[in-house]
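Asks: Handing you a structure now.
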Amino acid sequence: MTDQLALAPTTRDLESTLAVIGSRVRSLRRERQLTIVELAAMTELSVSMISTVERGQTAPSLTTLHALAEALEVPLASLFVVGMTTESPVVPLDQQTEWETAGGATRRLAVDNLELGVEMYVDTYEPGDTHNRQPSHHRGYEFGLVVDGTLTVALDDEKHQVGPGDAVHYVAQRNHLISNEGDETVRAVWFNLRRRSS
């Protein structure tokens, strides 16, 4: 079993760092059931570039890493994750990665289990924040529970208001946009199940 993220040591040499990045990109791509050609189209990178990154044979630029992280829908910092550890079922807060989404929301990756294809996020939306600049879609399923405030979840042409204690679930291949259209801070817990949706 793979339960907990273990961050790579900061003293790694360049060769081992590139190997970690390559392994992580390859694992994420395969877990999302993407071919190198599909990932290349999503990132506007060449197939050869992605292939050499995955083999740890090139030092990718920050722009390249950002494009890969965006396409794989993970924080940039997670590309430097070595793997998992089974020492504890607990993921301490200081080992969870937090970042700002393209739409301004704050997203914290609490659990990322590649083996099971499960990601658990804790999200904070200030008024006007969205999860992305525009509707997104990807393979798998999403499940959300709003803790405080009210989120607007747009699914294709439908809009749903999700209030405190309410849950929402949907096939992630549907175009979706999550936003805070109110005037209060919204907090929610979100799960991504990275399995091929039918």
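Residue names in the structure tokens use chain letters A, B, ... in the order shown, residue numbers from 1 in each chain, and ligand numbers from 1 in the order shown.
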Kindly assemble as a Markdown table a list of the region 52-124 of chain A residues that lie within 7 Å of region 129-137 of chain A, each paired with its nearest atom pair and their distance in Å to one decimal, using only C-alpha atoms, sorted first by chain and then by ascending residue number.
Replies:
| residue | atom | partner | partner_atom | distance |
| --- | --- | --- | --- | --- |
| A:Thr101 | CA | A:His131 | CA | 5.9 |
| A:Ala102 | CA | A:Asn132 | CA | 4.9 |
| A:Gly103 | CA | A:Asn132 | CA | 4.3 |
| A:Gly104 | CA | A:Asp129 | CA | 5.1 |
| A:Ala105 | CA | A:Asp129 | CA | 5.3 |
Asks: Pick out the closest residue to Leu45 (chain A) from this set: A:Pro92, A:Gly144, A:Gly163, A:Pro60. Count only C-alpha atoms.
Replies: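 Of all the options, A:Pro60 lies closest to Leu45 (chain A).
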Asks: What are the DSSP alpha helix (DSSP H) residues of region 6-134 of chain A, as a PyMOL selection string?
Replies: chain A and resi 14-31+36-43+47-54+62-72
Asks: CA of Val153 (chain A) to CA of Arg32 (chain A): how many Å, to one decimal?
Replies: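 Taking CA of Val153 (chain A) and CA of Arg32 (chain A), their separation equals 23.0 Å.
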Asks: Looking at only C-alpha atoms, which of A:Leu65, A:Leu34, A:Ala154, A:Val168 is the one that sits closest to Asn192 (chain A)?
Replies: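 Smallest separation from Asn192 (chain A) among the options: A:Val168.
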Asks: Between A:Gly140, A:Pro127, A:Gly165, A:Pro75, which one has atoms that come closest to Val186 (chain A), using only C-alpha atoms?
Replies: A:Pro127
Asks: List as a VMD selection string the protein and nucleic acid residues near Asp123 (chain A), meaning an atom at most 10 Å away when only C-alpha atoms are counted, but skip any in the same chain fewer than 4 places from it.
Replies: chain A and resid 98 to 101 105 to 109 131 144 146 to 147 186 to 190
Asks: Write the residues of the selection above to a file with N, CA and C atoms, as a tab-separated table (two decimals), in the first residue's frame.
Replies:
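Contents of result-v1.tsv, freshly written:
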chain	number	residue	atom	x	y	z
A	98	GLU	N	0.27	23.25	-0.48
A	98	GLU	CA	-0.79	24.24	-0.68
A	98	GLU	C	-0.39	25.22	-1.78
A	99	TRP	N	-1.34	25.60	-2.60
A	99	TRP	CA	-1.06	26.54	-3.68
A	99	TRP	C	-2.34	27.28	-4.07
A	100	GLU	N	-2.17	28.30	-4.88
A	100	GLU	CA	-3.30	29.07	-5.37
A	100	GLU	C	-3.67	28.60	-6.76
A	101	THR	N	-4.94	28.32	-6.99
A	101	THR	CA	-5.38	27.86	-8.30
A	101	THR	C	-5.37	29.01	-9.30
A	105	ALA	N	-8.48	30.47	-5.92
A	105	ALA	CA	-8.81	29.70	-4.72
A	105	ALA	C	-7.54	29.11	-4.12
A	106	THR	N	-7.59	28.82	-2.82
A	106	THR	CA	-6.48	28.15	-2.15
A	106	THR	C	-6.80	26.68	-2.04
A	107	ARG	N	-5.88	25.85	-2.53
A	107	ARG	CA	-6.10	24.40	-2.56
A	107	ARG	C	-4.95	23.71	-1.83
A	108	ARG	N	-5.30	22.83	-0.90
A	108	ARG	CA	-4.28	22.07	-0.16
A	108	ARG	C	-4.45	20.59	-0.46
A	109	LEU	N	-3.40	19.96	-0.96
A	109	LEU	CA	-3.41	18.54	-1.26
A	109	LEU	C	-3.11	17.78	0.03
A	131	HIS	N	-12.15	27.67	-9.25
A	131	HIS	CA	-11.11	26.63	-9.21
A	131	HIS	C	-10.19	26.72	-10.43
A	144	GLY	N	-17.46	16.31	-3.68
A	144	GLY	CA	-17.16	17.46	-2.83
A	144	GLY	C	-18.15	17.60	-1.69
A	146	VAL	N	-19.19	20.70	1.07
A	146	VAL	CA	-18.99	22.08	1.52
A	146	VAL	C	-19.11	22.14	3.04
A	147	VAL	N	-18.12	22.73	3.68
A	147	VAL	CA	-18.11	22.85	5.14
A	147	VAL	C	-18.72	24.17	5.58
A	186	VAL	N	-15.73	30.40	1.56
A	186	VAL	CA	-16.25	29.04	1.46
A	186	VAL	C	-15.10	28.06	1.72
A	187	ARG	N	-15.36	27.06	2.52
A	187	ARG	CA	-14.40	25.98	2.76
A	187	ARG	C	-15.05	24.66	2.38
A	188	ALA	N	-14.28	23.84	1.70
A	188	ALA	CA	-14.82	22.57	1.20
A	188	ALA	C	-13.74	21.51	1.18
A	189	VAL	N	-14.17	20.27	1.21
A	189	VAL	CA	-13.28	19.12	1.05
A	189	VAL	C	-13.64	18.45	-0.27
A	190	TRP	N	-12.63	18.18	-1.08
A	190	TRP	CA	-12.88	17.67	-2.43
A	190	TRP	C	-12.06	16.42	-2.68
Asks: Mind giving me the straight-line distance from CA of Asp157 (chain A) to CA of Phe143 (chain A) in Å, one decimal?
Replies: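 A separation of 18.9 Å between them.
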Asks: Could you check the closest approach to Leu14 (chain A) for each of A:Gln96, A:Thr58, A:Leu155, A:Val90 and tell me which residue wins, using only C-alpha atoms?
Replies: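 Distance minimum relative to Leu14 (chain A) lands on A:Thr58.
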Asks: Would you mind reading off the distance between CA of Glu115 (chain A) and CA of Ala167 (chain A), one decimal, in Å?
Replies: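 CA of Glu115 (chain A) sits 25.1 Å away from CA of Ala167 (chain A).
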Asks: Find the residues around Val111 (chain A) up to 12 Å (only C-alpha atoms counted), leave out those fewer than 2 positions away in its own chain, and share them as a count of residues only.
Replies: 34
Asks: Would you list, as a VMD selection string, the residues of chain A that end up in strand (DSSP E or B) under DSSP run on this structure's backbone?
Replies: chain A and resid 4 to 7 81 to 85 97 to 100 104 106 to 113 118 to 125 130 136 141 to 148 151 to 155 158 to 162 167 to 171 176 to 179 186 to 193
Asks: Go ahead and write the residues just picked, C-alpha atoms, as an mmCIF file, in the first residue's frame.
Replies:
data_model
loop_
_atom_site.group_PDB
_atom_site.id
_atom_site.type_symbol
_atom_site.label_atom_id
_atom_site.label_comp_id
_atom_site.auth_asym_id
_atom_site.auth_seq_id
_atom_site.Cartn_x
_atom_site.Cartn_y
_atom_site.Cartn_z
ATOM 1 C CA GLN A 4 1.695 9.061 2.560
ATOM 2 C CA LEU A 5 3.727 11.507 0.511
ATOM 3 C CA ALA A 6 7.435 11.640 1.285
ATOM 4 C CA LEU A 7 9.225 14.743 0.079
ATOM 5 C CA VAL A 81 7.803 14.052 -4.686
ATOM 6 C CA VAL A 82 9.838 10.871 -4.401
ATOM 7 C CA GLY A 83 7.033 8.539 -3.477
ATOM 8 C CA MET A 84 5.020 7.204 -0.604
ATOM 9 C CA THR A 85 5.773 5.789 2.781
ATOM 10 C CA THR A 97 1.237 21.037 -0.360
ATOM 11 C CA GLU A 98 -0.793 24.245 -0.682
ATOM 12 C CA TRP A 99 -1.058 26.544 -3.681
ATOM 13 C CA GLU A 100 -3.303 29.074 -5.374
ATOM 14 C CA GLY A 104 -7.549 32.399 -7.096
ATOM 15 C CA THR A 106 -6.478 28.152 -2.147
ATOM 16 C CA ARG A 107 -6.095 24.400 -2.559
ATOM 17 C CA ARG A 108 -4.283 22.073 -0.162
ATOM 18 C CA LEU A 109 -3.409 18.536 -1.258
ATOM 19 C CA ALA A 110 -3.998 16.483 1.885
ATOM 20 C CA VAL A 111 -3.723 12.981 0.398
ATOM 21 C CA ASP A 112 -2.400 11.811 -2.958
ATOM 22 C CA ASN A 113 -2.590 8.029 -3.320
ATOM 23 C CA VAL A 118 -7.411 9.126 -5.031
ATOM 24 C CA GLU A 119 -6.643 12.766 -4.286
ATOM 25 C CA MET A 120 -8.110 14.619 -1.296
ATOM 26 C CA TYR A 121 -8.093 18.418 -1.198
ATOM 27 C CA VAL A 122 -9.059 21.057 1.339
ATOM 28 C CA ASP A 123 -10.213 24.140 -0.574
ATOM 29 C CA THR A 124 -10.810 27.745 0.466
ATOM 30 C CA TYR A 125 -12.683 30.123 -1.850
ATOM 31 C CA THR A 130 -12.945 29.939 -8.940
ATOM 32 C CA SER A 136 -12.232 22.126 -17.087
ATOM 33 C CA TYR A 141 -14.956 11.454 -10.879
ATOM 34 C CA GLU A 142 -15.150 14.289 -8.359
ATOM 35 C CA PHE A 143 -16.848 14.341 -4.959
ATOM 36 C CA GLY A 144 -17.162 17.462 -2.829
ATOM 37 C CA LEU A 145 -18.518 18.436 0.583
ATOM 38 C CA VAL A 146 -18.993 22.082 1.517
ATOM 39 C CA VAL A 147 -18.107 22.848 5.142
ATOM 40 C CA ASP A 148 -18.779 26.599 5.296
ATOM 41 C CA LEU A 151 -20.305 27.105 -3.720
ATOM 42 C CA THR A 152 -21.680 27.351 -7.225
ATOM 43 C CA VAL A 153 -20.861 24.228 -9.226
ATOM 44 C CA ALA A 154 -21.481 24.629 -12.954
ATOM 45 C CA LEU A 155 -21.794 21.345 -14.855
ATOM 46 C CA GLU A 158 -26.397 23.488 -15.327
ATOM 47 C CA LYS A 159 -25.678 25.505 -12.178
ATOM 48 C CA HIS A 160 -25.965 24.000 -8.711
ATOM 49 C CA GLN A 161 -25.793 25.777 -5.337
ATOM 50 C CA VAL A 162 -23.971 23.636 -2.766
ATOM 51 C CA ALA A 167 -22.373 17.125 -1.086
ATOM 52 C CA VAL A 168 -21.923 17.057 -4.840
ATOM 53 C CA HIS A 169 -20.606 14.384 -7.202
ATOM 54 C CA TYR A 170 -20.178 14.164 -10.957
ATOM 55 C CA VAL A 171 -18.305 12.573 -13.816
ATOM 56 C CA HIS A 176 -17.169 21.947 -14.685
ATOM 57 C CA LEU A 177 -16.372 25.213 -12.964
ATOM 58 C CA ILE A 178 -16.459 25.661 -9.193
ATOM 59 C CA SER A 179 -16.851 29.206 -7.897
ATOM 60 C CA VAL A 186 -16.247 29.038 1.464
ATOM 61 C CA ARG A 187 -14.397 25.982 2.760
ATOM 62 C CA ALA A 188 -14.820 22.573 1.204
ATOM 63 C CA VAL A 189 -13.276 19.117 1.050
ATOM 64 C CA TRP A 190 -12.875 17.670 -2.434
ATOM 65 C CA PHE A 191 -11.984 14.202 -3.690
ATOM 66 C CA ASN A 192 -10.769 13.306 -7.164
ATOM 67 C CA LEU A 193 -11.055 9.657 -8.144
#
Asks: Select, from A:Ser27, A:Leu62, A:His138, A:Thr150, the residue with the minimum atom-to-atom distance to Ala77 (chain A), counting only C-alpha atoms.
Replies: A:Leu62
